[in-house]
>>> print(open('target.cif').read())   # mmCIF, C-alpha atoms; chains and numbers go by the auth columns
data_model
#
loop_
_atom_site.group_PDB
_atom_site.id
_atom_site.type_symbol
_atom_site.label_atom_id
_atom_site.label_comp_id
_atom_site.label_asym_id
_atom_site.label_seq_id
_atom_site.Cartn_x
_atom_site.Cartn_y
_atom_site.Cartn_z
_atom_site.B_iso_or_equiv
_atom_site.auth_seq_id
_atom_site.auth_asym_id
ATOM 1 C CA MET A 1 99.579 115.782 103.214 0.00 1 R
ATOM 2 C CA ALA A 2 99.345 113.493 106.269 0.00 2 R
ATOM 3 C CA GLY A 3 101.126 114.400 109.466 0.00 3 R
ATOM 4 C CA VAL A 4 101.617 118.103 108.730 0.00 4 R
ATOM 5 C CA TYR A 5 100.375 120.755 111.132 0.00 5 R
ATOM 6 C CA GLY A 6 98.999 123.290 108.705 0.00 6 R
ATOM 7 C CA SER A 7 97.595 123.501 105.218 0.00 7 R
ATOM 8 C CA LEU A 8 99.287 124.495 101.996 0.00 8 R
ATOM 9 C CA ALA A 9 96.520 127.070 101.462 0.00 9 R
ATOM 10 C CA ALA A 10 97.192 128.698 104.864 0.00 10 R
ATOM 11 C CA LEU A 11 100.929 128.808 104.170 0.00 11 R
ATOM 12 C CA LYS A 12 100.358 130.407 100.756 0.00 12 R
ATOM 13 C CA GLU A 13 98.119 133.042 102.332 0.00 13 R
ATOM 14 C CA ARG A 14 100.753 133.788 104.970 0.00 14 R
ATOM 15 C CA LEU A 15 103.407 134.243 102.273 0.00 15 R
ATOM 16 C CA THR A 16 101.035 136.202 99.978 0.00 16 R
ATOM 17 C CA VAL A 17 101.312 133.560 97.264 0.00 17 R
ATOM 18 C CA GLU A 18 98.284 133.335 94.994 0.00 18 R
ATOM 19 C CA ALA A 19 96.229 130.187 95.646 0.00 19 R
ATOM 20 C CA SER A 20 96.267 129.428 91.911 0.00 20 R
ATOM 21 C CA ASP A 21 100.091 129.606 91.751 0.00 21 R
ATOM 22 C CA THR A 22 101.278 125.997 91.945 0.00 22 R
ATOM 23 C CA SER A 23 104.852 126.671 90.821 0.00 23 R
ATOM 24 C CA ARG A 24 106.112 126.724 94.428 0.00 24 R
ATOM 25 C CA ASP A 25 103.933 123.970 95.884 0.00 25 R
ATOM 26 C CA SER A 26 106.784 121.466 96.115 0.00 26 R
ATOM 27 C CA LEU A 27 108.990 123.868 98.103 0.00 27 R
ATOM 28 C CA LEU A 28 106.092 124.959 100.302 0.00 28 R
ATOM 29 C CA ASN A 29 105.022 121.380 101.057 0.00 29 R
ATOM 30 C CA SER A 30 108.617 120.479 101.866 0.00 30 R
ATOM 31 C CA ALA A 31 108.922 123.431 104.256 0.00 31 R
ATOM 32 C CA LEU A 32 105.624 122.529 105.956 0.00 32 R
ATOM 33 C CA ALA A 33 106.655 118.895 106.407 0.00 33 R
ATOM 34 C CA ALA A 34 110.087 119.895 107.760 0.00 34 R
ATOM 35 C CA ALA A 35 108.522 122.387 110.185 0.00 35 R
ATOM 36 C CA SER A 36 106.082 119.735 111.421 0.00 36 R
ATOM 37 C CA ARG A 37 108.806 117.123 111.964 0.00 37 R
ATOM 38 C CA GLY A 38 110.952 119.753 113.700 0.00 38 R
ATOM 39 C CA ILE A 39 108.109 120.400 116.146 0.00 39 R
ATOM 40 C CA ASP A 40 107.837 116.643 116.751 0.00 40 R
ATOM 41 C CA ARG A 41 111.552 116.443 117.577 0.00 41 R
ATOM 42 C CA ALA A 42 111.524 119.573 119.762 0.00 42 R
ATOM 43 C CA THR A 43 108.501 118.462 121.804 0.00 43 R
ATOM 44 C CA GLY A 44 109.212 114.729 121.932 0.00 44 R
ATOM 45 C CA ARG A 45 105.705 113.925 120.695 0.00 45 R
ATOM 46 C CA ARG A 46 103.579 113.996 117.566 0.00 46 R
ATOM 47 C CA PHE A 47 100.221 115.641 117.145 0.00 47 R
ATOM 48 C CA TRP A 48 98.700 113.688 114.242 0.00 48 R
ATOM 49 C CA LEU A 49 96.409 110.786 115.061 0.00 49 R
ATOM 50 C CA ASP A 50 96.850 107.220 113.801 0.00 50 R
ATOM 51 C CA GLU A 51 94.051 106.345 111.381 0.00 51 R
ATOM 52 C CA THR A 52 93.617 102.883 112.910 0.00 52 R
ATOM 53 C CA PRO A 53 94.704 101.369 116.239 0.00 53 R
ATOM 54 C CA VAL A 54 98.293 100.095 116.397 0.00 54 R
ATOM 55 C CA GLN A 55 100.085 98.010 119.037 0.00 55 R
ATOM 56 C CA ARG A 56 102.947 99.187 121.197 0.00 56 R
ATOM 57 C CA VAL A 57 104.672 97.226 123.954 0.00 57 R
ATOM 58 C CA TYR A 58 106.027 98.933 127.068 0.00 58 R
ATOM 59 C CA ASN A 59 108.352 97.816 129.825 0.00 59 R
ATOM 60 C CA PRO A 60 106.706 99.213 132.972 0.00 60 R
ATOM 61 C CA ALA A 61 110.107 99.660 134.653 0.00 61 R
ATOM 62 C CA GLY A 62 110.776 103.385 134.846 0.00 62 R
ATOM 63 C CA ARG A 63 107.321 104.223 133.450 0.00 63 R
ATOM 64 C CA VAL A 64 105.219 103.705 136.582 0.00 64 R
ATOM 65 C CA VAL A 65 104.493 106.548 138.988 0.00 65 R
ATOM 66 C CA CYS A 66 102.991 105.685 142.371 0.00 66 R
ATOM 67 C CA GLU A 67 99.961 107.895 142.941 0.00 67 R
ATOM 68 C CA PRO A 68 97.879 108.026 146.140 0.00 68 R
ATOM 69 C CA ASP A 69 95.089 106.083 144.407 0.00 69 R
ATOM 70 C CA GLY A 70 97.158 103.576 142.412 0.00 70 R
ATOM 71 C CA GLU A 71 99.930 103.063 139.869 0.00 71 R
ATOM 72 C CA LEU A 72 100.060 105.406 136.865 0.00 72 R
ATOM 73 C CA LEU A 73 101.693 103.966 133.747 0.00 73 R
ATOM 74 C CA LEU A 74 103.088 106.734 131.562 0.00 74 R
ATOM 75 C CA VAL A 75 102.377 106.034 127.887 0.00 75 R
ATOM 76 C CA ASP A 76 102.858 107.719 124.535 0.00 76 R
ATOM 77 C CA ASP A 77 100.075 110.170 123.695 0.00 77 R
ATOM 78 C CA ILE A 78 96.779 108.422 122.932 0.00 78 R
ATOM 79 C CA GLY A 79 94.305 110.529 120.971 0.00 79 R
ATOM 80 C CA SER A 80 91.217 108.306 120.966 0.00 80 R
ATOM 81 C CA ALA A 81 89.634 105.781 123.320 0.00 81 R
ATOM 82 C CA ASP A 82 88.073 103.954 120.338 0.00 82 R
ATOM 83 C CA GLY A 83 89.781 100.602 119.949 0.00 83 R
ATOM 84 C CA LEU A 84 91.866 101.040 123.138 0.00 84 R
ATOM 85 C CA VAL A 85 92.993 97.644 124.459 0.00 85 R
ATOM 86 C CA VAL A 86 95.390 97.202 127.390 0.00 86 R
ATOM 87 C CA GLU A 87 97.045 93.862 128.183 0.00 87 R
ATOM 88 C CA THR A 88 99.834 92.607 130.416 0.00 88 R
ATOM 89 C CA GLY A 89 102.046 89.617 129.769 0.00 89 R
ATOM 90 C CA ARG A 90 104.929 88.570 127.590 0.00 90 R
ATOM 91 C CA GLY A 91 105.566 86.668 124.366 0.00 91 R
ATOM 92 C CA ALA A 92 102.401 84.845 123.301 0.00 92 R
ATOM 93 C CA SER A 93 100.656 85.051 126.680 0.00 93 R
ATOM 94 C CA TRP A 94 98.639 88.245 127.292 0.00 94 R
ATOM 95 C CA THR A 95 95.839 89.075 129.736 0.00 95 R
ATOM 96 C CA ALA A 96 93.395 91.909 129.114 0.00 96 R
ATOM 97 C CA ILE A 97 93.237 94.643 131.760 0.00 97 R
ATOM 98 C CA THR A 98 89.994 96.591 132.109 0.00 98 R
ATOM 99 C CA SER A 99 90.268 98.115 135.586 0.00 99 R
ATOM 100 C CA TYR A 100 92.320 101.118 134.507 0.00 100 R
ATOM 101 C CA GLU A 101 91.400 104.793 134.229 0.00 101 R
ATOM 102 C CA THR A 102 92.784 107.133 131.614 0.00 102 R
ATOM 103 C CA GLY A 103 94.585 110.288 132.646 0.00 103 R
ATOM 104 C CA PRO A 104 94.692 113.126 132.942 0.00 104 R
ATOM 105 C CA ASP A 105 91.005 113.316 133.827 0.00 105 R
ATOM 106 C CA ASN A 106 88.844 114.501 130.910 0.00 106 R
ATOM 107 C CA ALA A 107 91.870 114.695 128.592 0.00 107 R
ATOM 108 C CA LEU A 108 90.014 113.770 125.404 0.00 108 R
ATOM 109 C CA ALA A 109 87.020 115.961 126.291 0.00 109 R
ATOM 110 C CA ASP A 110 89.425 118.893 126.710 0.00 110 R
ATOM 111 C CA GLY A 111 91.140 118.189 123.373 0.00 111 R
ATOM 112 C CA ASP A 112 94.288 116.819 125.018 0.00 112 R
ATOM 113 C CA ALA A 113 95.889 113.404 124.709 0.00 113 R
ATOM 114 C CA ILE A 114 95.771 110.583 127.229 0.00 114 R
ATOM 115 C CA THR A 115 99.269 110.316 128.716 0.00 115 R
ATOM 116 C CA GLY A 116 98.785 107.786 131.486 0.00 116 R
ATOM 117 C CA LEU A 117 96.782 104.750 132.560 0.00 117 R
ATOM 118 C CA LEU A 118 95.924 104.567 136.264 0.00 118 R
ATOM 119 C CA LEU A 119 95.553 101.092 137.744 0.00 119 R
ATOM 120 C CA VAL A 120 93.625 101.593 140.971 0.00 120 R
ATOM 121 C CA ALA A 121 93.840 98.036 142.248 0.00 121 R
ATOM 122 C CA GLY A 122 96.929 95.982 141.526 0.00 122 R
ATOM 123 C CA THR A 123 100.231 96.552 139.844 0.00 123 R
ATOM 124 C CA TRP A 124 101.386 96.993 136.253 0.00 124 R
ATOM 125 C CA GLY A 125 103.631 93.967 136.628 0.00 125 R
ATOM 126 C CA THR A 126 107.081 92.794 137.478 0.00 126 R
ATOM 127 C CA ALA A 127 110.345 93.507 135.683 0.00 127 R
ATOM 128 C CA THR A 128 109.712 90.498 133.428 0.00 128 R
ATOM 129 C CA GLN A 129 106.208 91.569 132.374 0.00 129 R
ATOM 130 C CA ARG A 130 105.286 93.971 129.619 0.00 130 R
ATOM 131 C CA VAL A 131 102.233 96.095 128.911 0.00 131 R
ATOM 132 C CA ARG A 132 100.810 95.889 125.392 0.00 132 R
ATOM 133 C CA ILE A 133 98.578 98.760 124.321 0.00 133 R
ATOM 134 C CA THR A 134 96.510 98.847 121.161 0.00 134 R
ATOM 135 C CA ALA A 135 95.368 102.399 120.492 0.00 135 R
ATOM 136 C CA ARG A 136 95.215 105.305 118.089 0.00 136 R
ATOM 137 C CA PHE A 137 98.321 107.174 119.188 0.00 137 R
ATOM 138 C CA GLY A 138 98.732 110.912 118.725 0.00 138 R
ATOM 139 C CA TRP A 139 96.388 113.773 119.591 0.00 139 R
ATOM 140 C CA PRO A 140 92.621 114.028 119.037 0.00 140 R
ATOM 141 C CA ALA A 141 93.242 117.124 116.882 0.00 141 R
ATOM 142 C CA VAL A 142 96.263 119.297 116.195 0.00 142 R
ATOM 143 C CA PRO A 143 96.252 122.139 118.771 0.00 143 R
ATOM 144 C CA ASP A 144 95.931 125.661 117.342 0.00 144 R
ATOM 145 C CA ASP A 145 99.291 126.616 118.904 0.00 145 R
ATOM 146 C CA ILE A 146 101.030 123.811 117.044 0.00 146 R
ATOM 147 C CA THR A 147 99.406 124.760 113.738 0.00 147 R
ATOM 148 C CA GLU A 148 100.477 128.382 114.166 0.00 148 R
ATOM 149 C CA ALA A 149 104.028 127.370 115.109 0.00 149 R
ATOM 150 C CA ALA A 150 104.250 125.090 112.066 0.00 150 R
ATOM 151 C CA LEU A 151 103.079 127.840 109.720 0.00 151 R
ATOM 152 C CA ILE A 152 105.523 130.385 111.171 0.00 152 R
ATOM 153 C CA GLN A 153 108.388 127.909 110.935 0.00 153 R
ATOM 154 C CA ALA A 154 107.413 126.721 107.445 0.00 154 R
ATOM 155 C CA ALA A 155 107.329 130.326 106.179 0.00 155 R
ATOM 156 C CA ARG A 156 110.737 130.878 107.748 0.00 156 R
ATOM 157 C CA LEU A 157 112.142 127.703 106.163 0.00 157 R
ATOM 158 C CA TYR A 158 110.706 128.631 102.774 0.00 158 R
ATOM 159 C CA ARG A 159 112.366 132.065 102.948 0.00 159 R
ATOM 160 C CA ARG A 160 115.716 130.432 103.775 0.00 160 R
ATOM 161 C CA LYS A 161 116.237 129.837 100.057 0.00 161 R
ATOM 162 C CA ASP A 162 116.905 133.593 99.908 0.00 162 R
ATOM 163 C CA SER A 163 119.355 133.494 102.840 0.00 163 R
ATOM 164 C CA PRO A 164 121.406 130.295 102.456 0.00 164 R
ATOM 165 C CA GLU A 165 124.122 131.439 104.857 0.00 165 R
ATOM 166 C CA GLY A 166 121.649 132.449 107.567 0.00 166 R
ATOM 167 C CA VAL A 167 122.006 136.142 106.757 0.00 167 R
ATOM 168 C CA MET A 168 119.203 138.430 105.585 0.00 168 R
ATOM 169 C CA GLY A 169 119.132 142.095 104.811 0.00 169 R
ATOM 170 C CA ASN A 170 117.654 144.974 102.910 0.00 170 R
ATOM 171 C CA ALA A 171 118.435 148.631 102.206 0.00 171 R
ATOM 172 C CA GLU A 172 116.392 149.905 105.183 0.00 172 R
ATOM 173 C CA TRP A 173 117.824 147.933 108.090 0.00 173 R
ATOM 174 C CA GLY A 174 121.005 146.397 106.707 0.00 174 R
ATOM 175 C CA VAL A 175 122.267 142.843 107.147 0.00 175 R
ATOM 176 C CA VAL A 176 121.354 140.648 110.137 0.00 176 R
ATOM 177 C CA ARG A 177 122.081 137.041 111.064 0.00 177 R
ATOM 178 C CA LEU A 178 118.985 134.937 111.599 0.00 178 R
ATOM 179 C CA SER A 179 118.522 133.572 115.116 0.00 179 R
ATOM 180 C CA ARG A 180 118.805 129.835 115.576 0.00 180 R
ATOM 181 C CA ARG A 181 115.389 129.479 117.183 0.00 181 R
ATOM 182 C CA ASP A 182 112.337 131.600 116.440 0.00 182 R
ATOM 183 C CA PRO A 183 111.101 132.921 119.813 0.00 183 R
ATOM 184 C CA ASP A 184 107.452 132.937 118.717 0.00 184 R
ATOM 185 C CA VAL A 185 107.612 129.313 117.594 0.00 185 R
ATOM 186 C CA TRP A 186 109.257 128.327 120.870 0.00 186 R
ATOM 187 C CA ASN A 187 106.646 130.188 122.959 0.00 187 R
ATOM 188 C CA LEU A 188 103.879 128.355 121.107 0.00 188 R
ATOM 189 C CA ILE A 189 105.329 124.842 121.434 0.00 189 R
ATOM 190 C CA GLU A 190 106.971 125.086 124.873 0.00 190 R
ATOM 191 C CA PRO A 191 103.843 124.065 126.848 0.00 191 R
ATOM 192 C CA TYR A 192 103.756 120.801 124.851 0.00 192 R
ATOM 193 C CA VAL A 193 107.399 119.804 125.370 0.00 193 R
ATOM 194 C CA LEU A 194 107.788 116.529 127.223 0.00 194 R
ATOM 195 C CA PRO A 195 110.240 116.618 130.143 0.00 195 R
ATOM 196 C CA GLY A 196 113.774 115.942 128.944 0.00 196 R
ATOM 197 C CA PHE A 197 113.246 117.192 125.372 0.00 197 R
ATOM 198 C CA ALA A 198 114.046 120.910 125.638 0.00 198 R
#
>>> encode(input="target.cif", output="structure tokens")
Amino acid sequence: MAGVYGSLAALKERLTVEASDTSRDSLLNSALAAASRGIDRATGRRFWLDETPVQRVYNPAGRVVCEPDGELLLVDDIGSADGLVVETGRGASWTAITSYETGPDNALADGDAITGLLLVAGTWGTATQRVRITARFGWPAVPDDITEAALIQAARLYRRKDSPEGVMGNAEWGVVRLSRRDPDVWNLIEPYVLPGFA
């Protein structure tokens, strides 16, 4: 299933469901998809990579940070430099920009996403200009922390069918109310949260 941060097989293993048992696949896939989208919403980003380059247009106002060596345009996560095209302009008139550097340094080599484009000489434009970026947005690969968080959360969501009111219990430890946010999931995804999304 595209855009999910874990496999059905890994989730079945975590829940001790036999791999050959397909009777719960629909519920398990639903829980995995919901956990993945919940991580997207909590972090303000997505970790799956576009299959082909797509275009996005940005207004540089409020997205440009002045660095000592130039202007840094903050962009959505870019997970591949293949097919990356950057242009400035508006409407039907666009000019290609090639004098930019991607940042942070070595992001793709380190398995991270490109989050900014540094223009060493010049400016990203005026209030009437836009920046058009054609790229494969997302992350180069889903980080291990995100996969683990998705599997924990998916297992928790799957088990919710047995605790519809948010209460679980057994004979040994009695009845408890489930916490709103799983602390292990939060610890795993917190380093990836964009400012303003927590």
>>> residues_around(input="target.cif", residues="Glu148 (chain R)", least_positions_apart="4", cutoff="12 Å", atoms="all atoms listed in the file", output="PyMOL selection string")
chain R and resi 4-7+10-11+14+32+35-36+39+142-144+152-155+184-189
>>> write_last_selection(input="target.cif", atoms="C-alpha atoms", output="compact mmCIF listing (two decimals), in the coordinates of the input")
# COMPACT_ATOMS: atom_id res chain seq x y z
CA VAL R 4 101.62 118.10 108.73
CA TYR R 5 100.38 120.76 111.13
CA GLY R 6 99.00 123.29 108.70
CA SER R 7 97.60 123.50 105.22
CA ALA R 10 97.19 128.70 104.86
CA LEU R 11 100.93 128.81 104.17
CA ARG R 14 100.75 133.79 104.97
CA LEU R 32 105.62 122.53 105.96
CA ALA R 35 108.52 122.39 110.18
CA SER R 36 106.08 119.74 111.42
CA ILE R 39 108.11 120.40 116.15
CA VAL R 142 96.26 119.30 116.20
CA PRO R 143 96.25 122.14 118.77
CA ASP R 144 95.93 125.66 117.34
CA ILE R 152 105.52 130.38 111.17
CA GLN R 153 108.39 127.91 110.94
CA ALA R 154 107.41 126.72 107.44
CA ALA R 155 107.33 130.33 106.18
CA ASP R 184 107.45 132.94 118.72
CA VAL R 185 107.61 129.31 117.59
CA TRP R 186 109.26 128.33 120.87
CA ASN R 187 106.65 130.19 122.96
CA LEU R 188 103.88 128.35 121.11
CA ILE R 189 105.33 124.84 121.43
>>> atom_distance(input="target.cif", atom1="CA of Val193 (chain R)", atom2="CA of Glu67 (chain R)")
22.5 Å
>>> residues_around(input="target.cif", residues="region 73-84 of chain R", least_positions_apart="5", cutoff="6 Å", atoms="all atoms listed in the file", output="PyMOL selection string")
chain R and resi 63-64+113-117+134-140
>>> closest_residue(input="target.cif", among="R:Tyr100, R:Arg159, R:Asp25, R:Tyr192", to="Asp69 (chain R)", atoms="all atoms listed in the file")
R:Tyr100
>>> axis_aligned_box(input="target.cif", around="region 108-113 of chain R", padding_each_side="3 Å", output="AutoDock Vina command-line options")
--center_x 91.5 --center_y 116.1 --center_z 125.0 --size_x 14.9 --size_y 11.5 --size_z 9.3
>>> residues_around(input="target.cif", residues="Glu101 (chain R)", least_positions_apart="5", cutoff="8 Å", atoms="all atoms listed in the file", output="PDB file with C-alpha atoms, in the coordinates of the input")
ATOM      1  CA  LEU R 117      96.782 104.750 132.560  1.00  0.00           C
ATOM      2  CA  LEU R 118      95.924 104.567 136.264  1.00  0.00           C
ATOM      3  CA  LEU R 119      95.553 101.092 137.744  1.00  0.00           C
ATOM      4  CA  VAL R 120      93.625 101.593 140.971  1.00  0.00           C
TER       5      VAL R 120
END
>>> resolve_selection(input="target.cif", expression="the PyMOL selection byres ((chain R and resi 57) around 8)", output="short mmCIF file (atom, residue, chain, number, x, y, z; two decimals) with C-alpha atoms, keeping the file's coordinate frame")
data_model
loop_
_atom_site.label_atom_id
_atom_site.label_comp_id
_atom_site.auth_asym_id
_atom_site.auth_seq_id
_atom_site.Cartn_x
_atom_site.Cartn_y
_atom_site.Cartn_z
CA GLN R 55 100.08 98.01 119.04
CA ARG R 56 102.95 99.19 121.20
CA TYR R 58 106.03 98.93 127.07
CA ASN R 59 108.35 97.82 129.82
CA ARG R 130 105.29 93.97 129.62
CA VAL R 131 102.23 96.10 128.91
CA ARG R 132 100.81 95.89 125.39
CA ILE R 133 98.58 98.76 124.32
#
>>> resolve_selection(input="target.cif", expression="the PyMOL selection byres ((chain R and resi 125) around 10)", output="ChimeraX atom specification")
/R:59-61,64,88-89,122-124,126-131
>>> closest_residue(input="target.cif", among="R:Ser99, R:Thr52, R:Ser23, R:Asn106", to="Glu87 (chain R)", atoms="all atoms listed in the file")
R:Ser99
>>> resolve_selection(input="target.cif", expression="the PyMOL selection byres ((chain R and resi 43) around 10)", output="PyMOL selection string")
chain R and resi 37-42+44-47+186+189-198
>>> atom_distance(input="target.cif", atom1="CA of Leu49 (chain R)", atom2="CA of Ala141 (chain R)")
7.3 Å
>>> atom_distance(input="target.cif", atom1="CA of Glu51 (chain R)", atom2="CA of Asn29 (chain R)")
21.3 Å
>>> closest_residue(input="target.cif", among="R:Asp145, R:Arg90, R:Val54, R:Gly103", to="Leu72 (chain R)", atoms="all atoms listed in the file")
R:Gly103
>>> closest_residue(input="target.cif", among="R:Val86, R:Ile146, R:Cys66, R:Leu28", to="Ala121 (chain R)", atoms="only C-alpha atoms")
R:Cys66
